[in-house]
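Chemist: Okay, so here is model_27.cif, and as you'll see once you scroll down, it has mmCIF, C-alpha atoms.
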```cif
data_my_file
loop_
_atom_site.label_atom_id
_atom_site.label_comp_id
_atom_site.auth_asym_id
_atom_site.auth_seq_id
_atom_site.Cartn_x
_atom_site.Cartn_y
_atom_site.Cartn_z
CA MET A 1 -25.48 -15.09 53.07
CA THR A 2 -22.21 -13.67 51.97
CA PHE A 3 -20.52 -14.65 48.72
CA VAL A 4 -17.46 -16.21 50.33
CA ARG A 5 -19.60 -18.20 52.75
CA THR A 6 -21.66 -19.62 49.88
CA ILE A 7 -18.47 -20.75 48.13
CA TRP A 8 -17.26 -22.40 51.32
CA LEU A 9 -20.59 -24.15 51.95
CA ILE A 10 -20.58 -25.70 48.46
CA THR A 11 -16.96 -26.80 48.79
CA ARG A 12 -17.65 -28.17 52.25
CA LYS A 13 -20.64 -30.15 50.96
CA ASP A 14 -18.46 -31.73 48.23
CA LEU A 15 -15.64 -32.48 50.64
CA LEU A 16 -18.01 -34.01 53.20
CA ILE A 17 -19.57 -36.35 50.63
CA GLU A 18 -16.08 -37.24 49.43
CA ALA A 19 -14.79 -37.78 52.97
CA ARG A 20 -17.57 -40.28 53.64
CA SER A 21 -17.11 -42.46 50.56
CA LYS A 22 -13.57 -41.45 49.43
CA GLU A 23 -14.65 -42.86 46.07
CA ILE A 24 -13.26 -40.18 43.76
CA LEU A 25 -10.05 -39.74 45.75
CA PHE A 26 -9.13 -43.43 45.78
CA THR A 27 -10.14 -44.23 42.19
CA THR A 28 -8.47 -41.10 40.81
CA LEU A 29 -5.32 -41.68 42.81
CA PHE A 30 -5.06 -45.28 41.69
CA PHE A 31 -5.67 -44.23 38.11
CA ALA A 32 -2.91 -41.59 38.37
CA VAL A 33 -0.45 -44.15 39.73
CA SER A 34 -1.34 -46.64 36.98
CA SER A 35 -0.89 -44.05 34.26
CA VAL A 36 2.53 -43.13 35.69
CA LEU A 37 3.38 -46.83 35.51
CA VAL A 38 2.19 -47.11 31.90
CA PHE A 39 4.31 -44.09 30.93
CA ALA A 40 7.33 -45.65 32.64
CA PHE A 41 7.25 -48.46 30.05
CA GLY A 42 7.35 -45.88 27.27
CA PHE A 43 9.99 -43.56 28.64
CA VAL A 44 12.46 -45.65 30.60
CA ARG A 45 15.58 -46.85 28.76
CA GLU A 46 18.05 -49.16 30.50
CA GLY A 47 16.64 -48.48 33.93
CA ARG A 48 16.67 -44.69 33.66
CA ALA A 49 13.98 -42.32 32.43
CA VAL A 50 14.71 -40.44 29.21
CA GLU A 51 15.68 -36.84 29.79
CA ASP A 52 12.73 -34.46 30.29
CA ALA A 53 10.27 -37.35 30.66
CA ALA A 54 9.44 -36.82 34.35
CA ALA A 55 7.79 -33.40 33.87
CA GLY A 56 5.68 -34.66 30.99
CA ILE A 57 4.63 -37.81 32.84
CA LEU A 58 3.68 -35.84 35.94
CA TRP A 59 1.52 -33.35 34.04
CA ILE A 60 -0.13 -35.93 31.82
CA ALA A 61 -0.98 -37.97 34.92
CA ILE A 62 -2.48 -34.83 36.51
CA ALA A 63 -4.47 -33.99 33.36
CA PHE A 64 -5.78 -37.55 32.94
CA SER A 65 -6.73 -38.07 36.56
CA GLY A 66 -8.16 -34.52 36.65
CA THR A 67 -10.49 -35.40 33.77
CA LEU A 68 -11.57 -38.54 35.60
CA ALA A 69 -12.19 -36.65 38.86
CA LEU A 70 -14.18 -33.93 37.06
CA GLY A 71 -16.36 -36.50 35.32
CA ARG A 72 -17.06 -38.37 38.55
CA ALA A 73 -17.64 -35.24 40.63
CA PHE A 74 -20.35 -34.02 38.28
CA GLU A 75 -21.81 -37.49 37.71
CA ARG A 76 -22.51 -37.40 41.44
CA GLU A 77 -24.37 -34.11 41.01
CA ARG A 78 -26.37 -35.55 38.12
CA GLN A 79 -27.78 -38.43 40.12
CA SER A 80 -30.92 -37.27 41.93
CA GLU A 81 -30.59 -33.96 40.01
CA THR A 82 -28.69 -32.24 42.81
CA LEU A 83 -27.04 -29.84 40.38
CA ARG A 84 -30.48 -28.62 39.36
CA ALA A 85 -31.29 -28.13 43.04
CA LEU A 86 -28.15 -26.04 43.40
CA MET A 87 -29.10 -24.01 40.34
CA ILE A 88 -32.55 -23.33 41.79
CA ALA A 89 -31.12 -22.26 45.15
CA PRO A 90 -31.10 -18.48 45.65
CA ILE A 91 -27.33 -18.16 45.49
CA PRO A 92 -25.19 -16.27 43.00
CA ARG A 93 -24.12 -18.53 40.12
CA PRO A 94 -20.47 -17.38 40.25
CA ALA A 95 -20.35 -18.56 43.89
CA LEU A 96 -21.66 -21.96 42.80
CA TYR A 97 -18.96 -22.20 40.12
CA LEU A 98 -16.19 -21.11 42.48
CA GLY A 99 -17.38 -23.54 45.14
CA LYS A 100 -17.25 -26.47 42.73
CA LEU A 101 -13.88 -25.27 41.40
CA LEU A 102 -12.39 -25.10 44.88
CA GLY A 103 -13.63 -28.62 45.64
CA ILE A 104 -12.00 -30.02 42.47
CA VAL A 105 -8.74 -28.15 43.12
CA LEU A 106 -8.53 -29.51 46.69
CA LEU A 107 -9.24 -33.04 45.45
CA LEU A 108 -6.53 -32.78 42.80
CA ALA A 109 -4.14 -31.32 45.37
CA ALA A 110 -4.65 -34.47 47.46
CA VAL A 111 -3.88 -36.62 44.42
CA GLU A 112 -0.81 -34.53 43.60
CA ALA A 113 0.45 -34.87 47.18
CA ILE A 114 0.93 -38.58 46.39
CA ILE A 115 1.97 -38.64 42.75
CA VAL A 116 4.51 -35.79 42.91
CA PRO A 117 6.75 -37.58 45.44
CA LEU A 118 6.11 -40.82 43.54
CA VAL A 119 7.30 -39.36 40.21
CA SER A 120 10.20 -37.72 42.02
CA LEU A 121 11.30 -41.08 43.49
CA MET A 122 10.67 -43.29 40.49
CA PHE A 123 12.21 -41.04 37.84
CA GLN A 124 15.05 -39.56 39.94
CA ALA A 125 13.51 -36.11 39.40
CA PRO A 126 14.71 -33.49 41.92
CA LEU A 127 11.25 -31.91 42.26
CA PHE A 128 11.90 -30.73 45.80
CA THR A 129 15.13 -28.74 45.35
CA HIS A 130 13.09 -25.70 44.35
CA ALA A 131 10.03 -26.71 46.32
CA TRP A 132 8.33 -23.30 46.25
CA LEU A 133 8.56 -22.94 42.49
CA THR A 134 7.35 -26.53 41.98
CA LEU A 135 4.48 -25.85 44.35
CA GLY A 136 3.62 -22.61 42.53
CA LEU A 137 3.65 -24.32 39.12
CA LEU A 138 1.50 -27.18 40.40
CA ALA A 139 -0.99 -24.87 42.11
CA ALA A 140 -1.31 -22.48 39.16
CA GLY A 141 -1.48 -25.33 36.64
CA THR A 142 -4.10 -27.23 38.60
CA ILE A 143 -6.25 -24.14 39.02
CA GLY A 144 -6.04 -23.35 35.29
CA PHE A 145 -6.93 -26.90 34.30
CA ALA A 146 -9.73 -27.17 36.85
CA ALA A 147 -11.15 -23.73 35.92
CA VAL A 148 -11.88 -24.85 32.36
CA GLY A 149 -12.70 -28.39 33.49
CA THR A 150 -15.29 -27.34 36.07
CA LEU A 151 -17.13 -25.19 33.53
CA PHE A 152 -17.14 -27.87 30.85
CA ALA A 153 -17.98 -30.75 33.20
CA ALA A 154 -20.83 -28.70 34.69
CA MET A 155 -22.31 -27.86 31.32
CA LEU A 156 -21.89 -31.44 30.03
CA VAL A 157 -24.04 -32.75 32.88
CA ARG A 158 -27.04 -32.19 30.62
CA ALA A 159 -25.41 -33.60 27.45
CA ARG A 160 -25.35 -37.08 26.01
CA SER A 161 -22.01 -38.98 25.63
CA ARG A 162 -20.57 -36.66 28.27
CA ASP A 163 -17.88 -39.14 29.32
CA VAL A 164 -16.05 -38.95 26.03
CA LEU A 165 -16.93 -35.32 25.23
CA LEU A 166 -15.26 -33.98 28.39
CA PRO A 167 -11.67 -34.88 27.38
CA VAL A 168 -12.40 -34.01 23.75
CA LEU A 169 -13.40 -30.47 24.76
CA LEU A 170 -11.00 -30.08 27.64
CA TYR A 171 -7.60 -31.00 26.16
CA PRO A 172 -7.47 -28.61 23.19
CA ILE A 173 -8.57 -25.72 25.41
CA THR A 174 -6.15 -26.47 28.26
CA ILE A 175 -3.11 -26.94 26.01
CA PRO A 176 -1.56 -23.60 27.05
CA VAL A 177 -1.75 -24.72 30.70
CA ILE A 178 -0.22 -28.12 29.94
CA ILE A 179 2.61 -26.59 27.90
CA ALA A 180 3.39 -24.02 30.60
CA GLY A 181 3.24 -26.65 33.35
CA VAL A 182 5.44 -29.17 31.55
CA ARG A 183 8.02 -26.64 30.33
CA GLY A 184 8.15 -24.87 33.69
CA THR A 185 8.65 -28.13 35.58
CA SER A 186 11.24 -29.44 33.16
CA ALA A 187 13.17 -26.15 33.46
CA LEU A 188 13.52 -27.07 37.14
CA LEU A 189 14.49 -30.67 36.40
CA GLN A 190 17.22 -30.24 33.81
CA ALA A 191 20.89 -30.68 34.74
CA GLU A 192 21.41 -26.91 34.80
CA VAL A 193 18.32 -25.52 36.53
CA ASP A 194 16.86 -22.62 34.55
CA LEU A 195 15.19 -20.51 37.25
CA PRO A 196 14.26 -17.47 35.10
CA MET A 197 12.56 -19.81 32.61
CA ALA A 198 10.58 -21.54 35.36
CA ARG A 199 9.51 -18.14 36.74
CA LEU A 200 8.46 -17.01 33.25
CA TRP A 201 6.24 -20.09 32.83
CA LEU A 202 4.85 -19.64 36.32
CA SER A 203 3.85 -16.06 35.58
CA MET A 204 2.25 -17.21 32.32
CA LEU A 205 0.30 -19.85 34.24
CA VAL A 206 -0.96 -17.23 36.68
CA PHE A 207 -2.02 -15.10 33.73
CA PHE A 208 -3.87 -18.05 32.14
CA ASP A 209 -5.59 -18.72 35.47
CA VAL A 210 -6.88 -15.16 35.67
CA VAL A 211 -8.15 -15.24 32.08
CA PHE A 212 -9.73 -18.70 32.31
CA VAL A 213 -11.44 -18.08 35.66
CA THR A 214 -12.77 -14.72 34.44
CA LEU A 215 -14.06 -16.21 31.19
CA ALA A 216 -15.60 -19.17 33.00
CA LEU A 217 -17.34 -16.92 35.56
CA TRP A 218 -18.62 -14.86 32.67
CA THR A 219 -19.99 -17.80 30.66
CA PHE A 220 -21.15 -20.04 33.54
CA GLU A 221 -24.49 -18.32 33.96
CA PRO A 222 -25.67 -18.25 30.30
CA VAL A 223 -24.36 -21.78 29.65
CA MET A 224 -26.02 -23.30 32.69
CA THR A 225 -29.38 -21.55 32.37
CA GLU A 226 -31.88 -23.89 30.73
CA MET B 227 -27.18 -10.44 0.46
CA GLN B 228 -29.62 -12.65 -1.45
CA LYS B 229 -29.53 -10.37 -4.50
CA LEU B 230 -25.77 -10.02 -4.37
CA PHE B 231 -25.18 -13.76 -4.07
CA VAL B 232 -25.14 -14.66 -7.78
CA PRO B 233 -22.92 -11.78 -8.93
CA PHE B 234 -20.51 -12.45 -6.06
CA ALA B 235 -20.48 -16.15 -6.87
CA ILE B 236 -19.58 -15.34 -10.47
CA VAL B 237 -16.79 -13.01 -9.33
CA ALA B 238 -15.43 -15.67 -6.97
CA ALA B 239 -15.54 -18.35 -9.67
CA ALA B 240 -13.78 -16.02 -12.11
CA MET B 241 -11.12 -15.25 -9.49
CA PHE B 242 -10.48 -18.95 -8.91
CA VAL B 243 -10.16 -19.52 -12.67
CA CYS B 244 -7.68 -16.67 -12.96
CA ALA B 245 -5.71 -17.59 -9.83
CA PRO B 246 -3.50 -20.32 -11.39
CA PHE B 247 -2.42 -17.98 -14.19
CA ILE B 248 -1.66 -15.14 -11.81
CA ILE B 249 0.30 -17.50 -9.55
CA LEU B 250 2.18 -18.84 -12.57
CA ALA B 251 3.14 -15.31 -13.59
CA ALA B 252 4.44 -14.48 -10.10
CA PRO B 253 8.23 -14.49 -9.71
CA TYR B 254 9.97 -17.65 -8.43
CA GLU B 255 11.29 -17.59 -4.89
CA SER B 256 15.10 -17.83 -4.97
CA THR B 257 15.66 -20.87 -2.73
CA MET B 258 12.44 -22.89 -2.88
CA GLY B 259 11.51 -22.42 -6.54
CA LEU B 260 8.25 -23.95 -7.74
CA VAL B 261 7.30 -25.42 -4.34
CA GLN B 262 6.88 -21.95 -2.89
CA LYS B 263 3.84 -21.41 -5.18
CA ILE B 264 1.71 -23.41 -2.74
CA PHE B 265 2.09 -20.39 -0.48
CA TYR B 266 -0.53 -18.50 -2.53
CA PHE B 267 -3.13 -21.04 -1.46
CA HIS B 268 -1.77 -22.14 1.90
CA ALA B 269 -1.42 -18.75 3.61
CA PRO B 270 -4.68 -17.16 2.37
CA ILE B 271 -6.64 -20.27 3.39
CA ALA B 272 -4.98 -20.19 6.81
CA MET B 273 -5.93 -16.51 7.19
CA THR B 274 -9.50 -17.26 6.07
CA MET B 275 -9.61 -20.10 8.59
CA PHE B 276 -8.70 -17.73 11.42
CA VAL B 277 -11.34 -15.26 10.21
CA SER B 278 -13.83 -18.13 10.21
CA ALA B 279 -12.84 -19.16 13.75
CA PHE B 280 -13.38 -15.61 14.96
CA VAL B 281 -16.75 -15.42 13.20
CA CYS B 282 -17.72 -18.61 15.04
CA GLY B 283 -16.46 -17.28 18.38
CA ILE B 284 -18.26 -13.96 18.01
CA GLY B 285 -21.44 -15.70 16.83
CA SER B 286 -21.23 -18.02 19.85
CA ALA B 287 -20.77 -15.10 22.24
CA ILE B 288 -23.75 -13.25 20.76
CA PHE B 289 -25.89 -16.39 20.95
CA LEU B 290 -24.80 -17.09 24.52
CA PHE B 291 -25.65 -13.65 25.83
CA THR B 292 -28.63 -12.63 23.70
CA ARG B 293 -30.16 -16.02 22.76
CA ARG B 294 -30.52 -14.95 19.14
CA SER B 295 -30.76 -18.18 17.14
CA GLY B 296 -29.50 -16.40 14.01
CA ALA B 297 -26.11 -15.92 15.67
CA ASP B 298 -26.01 -19.63 16.49
CA ARG B 299 -26.68 -20.55 12.87
CA VAL B 300 -23.80 -18.33 11.75
CA ALA B 301 -21.59 -19.87 14.46
CA VAL B 302 -22.25 -23.47 13.47
CA SER B 303 -21.75 -22.68 9.78
CA ALA B 304 -18.48 -20.89 10.53
CA ALA B 305 -17.34 -23.80 12.71
CA GLU B 306 -17.89 -26.26 9.87
CA LEU B 307 -16.04 -23.98 7.46
CA THR B 308 -13.18 -23.62 9.97
CA SER B 309 -12.96 -27.38 10.06
CA VAL B 310 -12.90 -27.73 6.24
CA LEU B 311 -10.43 -24.86 5.74
CA GLY B 312 -8.33 -26.34 8.57
CA ILE B 313 -8.08 -29.66 6.74
CA ILE B 314 -6.86 -27.84 3.61
CA VAL B 315 -4.29 -25.86 5.64
CA LEU B 316 -3.10 -28.99 7.44
CA VAL B 317 -2.67 -30.83 4.12
CA THR B 318 -1.04 -28.04 2.09
CA GLY B 319 1.29 -27.15 4.99
CA PRO B 320 3.05 -30.52 5.28
CA LEU B 321 3.29 -30.77 1.47
CA TRP B 322 5.25 -27.54 1.46
CA ALA B 323 7.18 -28.37 4.63
CA ARG B 324 8.40 -31.67 3.16
CA LYS B 325 10.16 -29.76 0.37
CA ALA B 326 11.16 -26.66 2.31
CA TRP B 327 12.30 -28.15 5.64
CA GLY B 328 12.69 -31.82 4.69
CA VAL B 329 10.08 -33.02 7.20
CA TRP B 330 6.32 -33.38 7.01
CA TRP B 331 5.61 -31.92 10.40
CA GLU B 332 7.45 -29.74 12.90
CA TRP B 333 6.24 -28.87 16.41
CA ASP B 334 6.44 -25.22 15.58
CA ALA B 335 4.27 -22.43 17.00
CA ARG B 336 2.08 -21.80 13.97
CA LEU B 337 1.68 -25.45 13.06
CA THR B 338 0.83 -26.52 16.59
CA SER B 339 -1.57 -23.66 17.23
CA THR B 340 -3.35 -24.28 13.91
CA LEU B 341 -3.73 -27.94 14.84
CA VAL B 342 -5.04 -27.03 18.31
CA LEU B 343 -7.48 -24.52 16.81
CA TRP B 344 -8.70 -27.12 14.35
CA LEU B 345 -9.12 -29.68 17.16
CA THR B 346 -11.10 -27.15 19.20
CA PHE B 347 -13.56 -26.66 16.38
CA GLN B 348 -13.75 -30.42 15.81
CA ALA B 349 -14.69 -30.65 19.50
CA TYR B 350 -17.32 -27.96 18.94
CA LEU B 351 -18.85 -29.93 16.06
CA LEU B 352 -18.66 -33.24 17.96
CA LEU B 353 -20.47 -31.67 20.89
CA ARG B 354 -23.21 -30.35 18.63
CA ARG B 355 -23.58 -33.67 16.88
CA TYR B 356 -23.48 -36.04 19.83
CA GLY B 357 -24.33 -33.79 22.77
CA GLY B 358 -28.09 -34.26 22.49
CA PRO B 359 -30.71 -31.57 23.13
CA GLY B 360 -29.47 -28.23 24.44
CA SER B 361 -25.97 -28.81 23.09
CA ASP B 362 -26.16 -25.65 20.97
CA ARG B 363 -25.68 -23.48 24.04
CA LEU B 364 -22.94 -25.71 25.42
CA ALA B 365 -21.19 -25.60 22.05
CA ALA B 366 -21.45 -21.80 22.10
CA GLY B 367 -19.46 -21.85 25.35
CA VAL B 368 -16.81 -23.98 23.65
CA GLY B 369 -16.77 -21.67 20.62
CA LEU B 370 -16.23 -18.64 22.83
CA PHE B 371 -13.45 -20.36 24.80
CA GLY B 372 -11.92 -21.66 21.59
CA MET B 373 -11.70 -18.19 20.12
CA ALA B 374 -10.32 -16.65 23.30
CA ASN B 375 -7.78 -19.46 23.51
CA VAL B 376 -6.17 -18.80 20.10
CA PRO B 377 -3.71 -16.12 21.25
CA PHE B 378 -2.73 -18.11 24.36
CA VAL B 379 -2.05 -21.30 22.46
CA TYR B 380 -0.06 -19.29 19.96
CA TRP B 381 1.86 -17.44 22.61
CA SER B 382 2.71 -20.50 24.69
CA VAL B 383 3.79 -22.58 21.71
CA ASN B 384 5.77 -19.60 20.47
CA VAL B 385 7.90 -19.56 23.60
CA TRP B 386 8.22 -23.32 23.24
CA ARG B 387 9.33 -23.50 19.58
CA THR B 388 9.42 -21.43 16.38
CA LEU B 389 10.45 -22.40 12.87
CA HIS B 390 7.63 -21.35 10.53
CA PRO B 391 8.20 -18.14 8.53
CA LYS B 392 7.01 -15.15 10.53
CA THR B 393 3.73 -13.50 9.62
CA SER B 394 5.82 -10.38 9.04
CA VAL B 395 6.79 -12.10 5.78
CA VAL B 396 3.54 -10.92 4.23
CA PRO B 397 4.08 -7.12 4.31
CA THR B 398 7.68 -7.55 3.16
CA LEU B 399 6.82 -9.65 0.09
CA GLN B 400 8.35 -8.41 -3.13
CA PRO B 401 5.81 -6.61 -5.36
CA GLY B 402 5.46 -9.47 -7.85
CA MET B 403 4.44 -11.83 -5.08
CA ARG B 404 2.31 -9.42 -3.10
CA GLY B 405 -0.29 -9.02 -5.88
CA PRO B 406 -1.08 -12.74 -6.34
CA PHE B 407 -1.07 -13.27 -2.57
CA TRP B 408 -3.72 -10.65 -1.84
CA PHE B 409 -5.64 -11.72 -4.95
CA CYS B 410 -5.84 -15.26 -3.56
CA PHE B 411 -6.71 -13.99 -0.11
CA LEU B 412 -9.60 -11.96 -1.53
CA ALA B 413 -10.77 -14.96 -3.55
CA PHE B 414 -10.82 -17.14 -0.48
CA ILE B 415 -12.51 -14.56 1.73
CA LEU B 416 -15.17 -14.12 -0.93
CA PHE B 417 -15.54 -17.89 -1.18
CA PHE B 418 -15.79 -18.09 2.61
CA MET B 419 -18.51 -15.44 2.75
CA LEU B 420 -20.51 -17.17 0.03
CA THR B 421 -20.31 -20.63 1.59
CA LEU B 422 -21.04 -19.17 5.03
CA HIS B 423 -24.13 -17.52 3.61
CA LEU B 424 -25.25 -20.74 1.91
CA ARG B 425 -24.63 -22.85 4.99
CA THR B 426 -26.40 -20.39 7.30
CA ARG B 427 -29.39 -20.35 4.98
CA LEU B 428 -29.47 -24.15 4.99
CA GLU B 429 -29.44 -24.11 8.79
CA LYS B 430 -32.26 -21.58 8.81
CA ARG B 431 -34.34 -23.70 6.43
CA ARG B 432 -33.71 -26.71 8.64
CA ALA B 433 -34.93 -24.82 11.72
CA GLU B 434 -38.01 -23.68 9.82
CA LEU B 435 -38.72 -27.23 8.68
CA GLU B 436 -38.37 -28.48 12.24
CA ALA B 437 -40.81 -25.81 13.45
CA LEU B 438 -43.27 -26.87 10.74
CA TYR B 439 -43.01 -30.53 11.77
CA LEU B 440 -43.66 -29.57 15.38
CA ALA B 441 -46.64 -27.46 14.32
CA ALA B 442 -48.01 -30.31 12.20
CA GLU B 443 -47.71 -32.75 15.08
CA GLU B 444 -49.71 -30.49 17.31
#
```
Write out the structure in this file as structure tokens.
Modeler:
Amino acid sequence: MTFVRTIWLITRKDLLIEARSKEILFTTLFFAVSSVLVFAFGFVREGRAVEDAAAGILWIAIAFSGTLALGRAFERERQSETLRALMIAPIPRPALYLGKLLGIVLLLAAVEAIIVPLVSLMFQAPLFTHAWLTLGLLAAGTIGFAAVGTLFAAMLVRARSRDVLLPVLLYPITIPVIIAGVRGTSALLQAEVDLPMARLWLSMLVFFDVVFVTLALWTFEPVMTE
Amino acid sequence: MQKLFVPFAIVAAAMFVCAPFIILAAPYESTMGLVQKIFYFHAPIAMTMFVSAFVCGIGSAIFLFTRRSGADRVAVSAAELTSVLGIIVLVTGPLWARKAWGVWWEWDARLTSTLVLWLTFQAYLLLRRYGGPGSDRLAAGVGLFGMANVPFVYWSVNVWRTLHPKTSVVPTLQPGMRGPFWFCFLAFILFFMLTLHLRTRLEKRRAELEALYLAAEE
């Protein structure tokens, strides 16, 4: 079985389970929309959002709902010990990690497909004027966040109080990704669009992705081996 | 190390007794005056904290890839020291900032990255404490990521904001200030090594005790 095929089979398994129940997608999406709403009360003055708020709200909503999705996705693997079954299977561990990562990224992409237009509409944020750059920032940011998140959520499957430990571990480590995502997006949203700045943050995000995925692939095996 | 412990402890204690006098004798900084003296404690502790974080990260990496429990004991001791030193840095920093910049806290690169580093090691300790069995290896993963993350946090916050004096301040210190600074740094590094040694030994004793209990039960 080739490496790429293994990755695809694991992703496909996750997507199939998700497609049947749609549990994570719906709960995460609703949570993302509610957190956007909660932020609106904090950052809207006299009917308009404070300057720069939209980018922050968007990324915090992604980070929060991402944490929720990660927790749920691996809770599912914990029931009936299916993660252990995957670990026993004669497949390369990096393929297992990448398969889970791809599944999470696709799930978050589905959530983002709803909340990005929503934030754009509700906060008068012109997110679609430079659609390709926005898309690049979102994709690179989501991959970076999910790369660390998948590793931590997978290793916390065996730990106690995993629900609260996941965000506690995840947020300090993903701060570079959040900063780059928020600053890059807000460079696109300000009155005078700062394209070179957005490109700089995008390239930093891509760099973070490479480092985080490499590190995670490197540590996945020793961390997961019991 | 065991034989050297007492003499080193005496040297460290003597250095800490001398430190206030040496700092007092150092020249006053032209704009900040007396307040600037906190620098002789603040900066060396911050440097020691980063050393401690790297010790923890390297210990974690060694434990993760070789399964040597000695490395894990060093890592957990260093993580606790990072946390304690971090509290001192995060208290002395705002005290100085209040006088020098007029605010307690600024979202500046060094301040933010120190806070993030400190939070990472808090997370490491929380995981070890509440993670249940097997959390030592999970924590090692966090320690390794935490260490690798330091330059990225620093770099990204640096592009975001910068206000704190540059680290290039240290080599350009005037001679009267350079002496006390490195004296304090040495004192703190020595102190760090001694406490790390003590803490690691405590952890080793604890592991031995646990093994004895297990043996007695069987």
Chemist: Just need the box for range 267-279 of chain B, edges along x, y and z, holding every atom the file lists for it with 3 Å tacked onto each side, so centre and edge lengths in Å to one decimal, as JSON.
Modeler:
```
{"center_x": -7.6, "center_y": -18.7, "center_z": 6.1, "size_x": 18.4, "size_y": 12.9, "size_z": 21.2}
```
Chemist: Taking all atoms listed in the file into account, produce a table as a Markdown table in which each residue of chain B with an atom at most 12 Å from an atom of chain A appears once, together with its shortest atom pair and the distance in Å to one decimal, ordered by chain and rising number.
Modeler:
```
| residue | atom | partner | partner_atom | distance |
| --- | --- | --- | --- | --- |
| B:Ser286 | CA | A:Thr219 | CA | 10.9 |
| B:Ala287 | CA | A:Thr219 | CA | 8.9 |
| B:Ile288 | CA | A:Pro222 | CA | 10.9 |
| B:Phe289 | CA | A:Pro222 | CA | 9.5 |
| B:Leu290 | CA | A:Pro222 | CA | 6.0 |
| B:Phe291 | CA | A:Pro222 | CA | 6.4 |
| B:Thr292 | CA | A:Pro222 | CA | 9.2 |
| B:Arg293 | CA | A:Pro222 | CA | 9.1 |
| B:Ala335 | CA | A:Pro176 | CA | 11.7 |
| B:Thr338 | CA | A:Ile175 | CA | 10.2 |
| B:Ser339 | CA | A:Ile175 | CA | 9.5 |
| B:Thr340 | CA | A:Pro172 | CA | 11.0 |
| B:Leu341 | CA | A:Pro172 | CA | 9.2 |
| B:Val342 | CA | A:Pro172 | CA | 5.7 |
| B:Leu343 | CA | A:Pro172 | CA | 7.6 |
| B:Trp344 | CA | A:Pro172 | CA | 9.0 |
| B:Leu345 | CA | A:Pro172 | CA | 6.3 |
| B:Thr346 | CA | A:Pro172 | CA | 5.6 |
| B:Phe347 | CA | A:Leu169 | CA | 9.2 |
| B:Gln348 | CA | A:Val168 | CA | 8.8 |
| B:Ala349 | CA | A:Leu169 | CA | 5.4 |
| B:Tyr350 | CA | A:Leu169 | CA | 7.5 |
| B:Leu351 | CA | A:Leu169 | CA | 10.3 |
| B:Leu352 | CA | A:Leu165 | CA | 7.8 |
| B:Leu353 | CA | A:Leu165 | CA | 6.7 |
| B:Arg354 | CA | A:Ala159 | CA | 9.7 |
| B:Arg355 | CA | A:Arg160 | CA | 9.9 |
| B:Tyr356 | CA | A:Arg160 | CA | 6.5 |
| B:Gly357 | CA | A:Arg160 | CA | 4.7 |
| B:Gly358 | CA | A:Arg160 | CA | 5.3 |
| B:Pro359 | CA | A:Ala159 | CA | 7.1 |
| B:Gly360 | CA | A:Ala159 | CA | 7.4 |
| B:Ser361 | CA | A:Ala159 | CA | 6.5 |
| B:Asp362 | CA | A:Val223 | CA | 9.7 |
| B:Arg363 | CA | A:Val223 | CA | 6.0 |
| B:Leu364 | CA | A:Val223 | CA | 5.9 |
| B:Ala365 | CA | A:Val223 | CA | 9.1 |
| B:Ala366 | CA | A:Val223 | CA | 8.1 |
| B:Gly367 | CA | A:Val223 | CA | 6.5 |
| B:Val368 | CA | A:Leu169 | CA | 7.4 |
| B:Gly369 | CA | A:Leu169 | CA | 10.3 |
| B:Leu370 | CA | A:Thr219 | CA | 8.7 |
| B:Phe371 | CA | A:Ile173 | CA | 7.3 |
| B:Gly372 | CA | A:Ile173 | CA | 6.5 |
| B:Met373 | CA | A:Ile173 | CA | 9.7 |
| B:Ala374 | CA | A:Leu215 | CA | 8.7 |
| B:Asn375 | CA | A:Ile173 | CA | 6.6 |
| B:Val376 | CA | A:Ile173 | CA | 9.0 |
| B:Pro377 | CA | A:Pro176 | CA | 9.7 |
| B:Phe378 | CA | A:Pro176 | CA | 6.2 |
| B:Val379 | CA | A:Pro176 | CA | 5.2 |
| B:Tyr380 | CA | A:Pro176 | CA | 8.4 |
| B:Trp381 | CA | A:Pro176 | CA | 8.3 |
| B:Ser382 | CA | A:Pro176 | CA | 5.8 |
| B:Val383 | CA | A:Ile179 | CA | 7.5 |
| B:Asn384 | CA | A:Pro176 | CA | 10.6 |
| B:Val385 | CA | A:Trp201 | CA | 9.4 |
| B:Trp386 | CA | A:Arg183 | CA | 7.8 |
| B:Arg387 | CA | A:Ile179 | CA | 11.1 |
```
Chemist: Calculate how many Å separate CA of Ala245 in chain B from CA of Val281 in chain B, rounding to one decimal.
Modeler: 25.6 Å
Chemist: When distances are computed from only C-alpha atoms, which of A:Thr6, A:Ser34, A:Thr67, A:Ser186 shows the smallest separation from Leu137 in chain A?
Modeler: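 Counting only C-alpha atoms, the residue closest to Leu137 in chain A is A:Ser186.
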Chemist: Determine, counting all atoms listed in the file, which protein, DNA and RNA residues have an atom within 9 Å of an atom of Phe267 in chain B; residues of the same chain fewer than 5 positions away are not included. Present the result as JSON, numbers by chain.
Modeler: {"B": [272, 315, 318, 407, 410, 411, 414]}
Chemist: Take CA of Gln190 in chain A and CA of Glu51 in chain A and report the distance between them in Å, one decimal.
Modeler: 7.9 Å
Chemist: Which distance in Å separates CA of Leu440 in chain B and CA of Thr421 in chain B, to one decimal?
Modeler: 28.6 Å
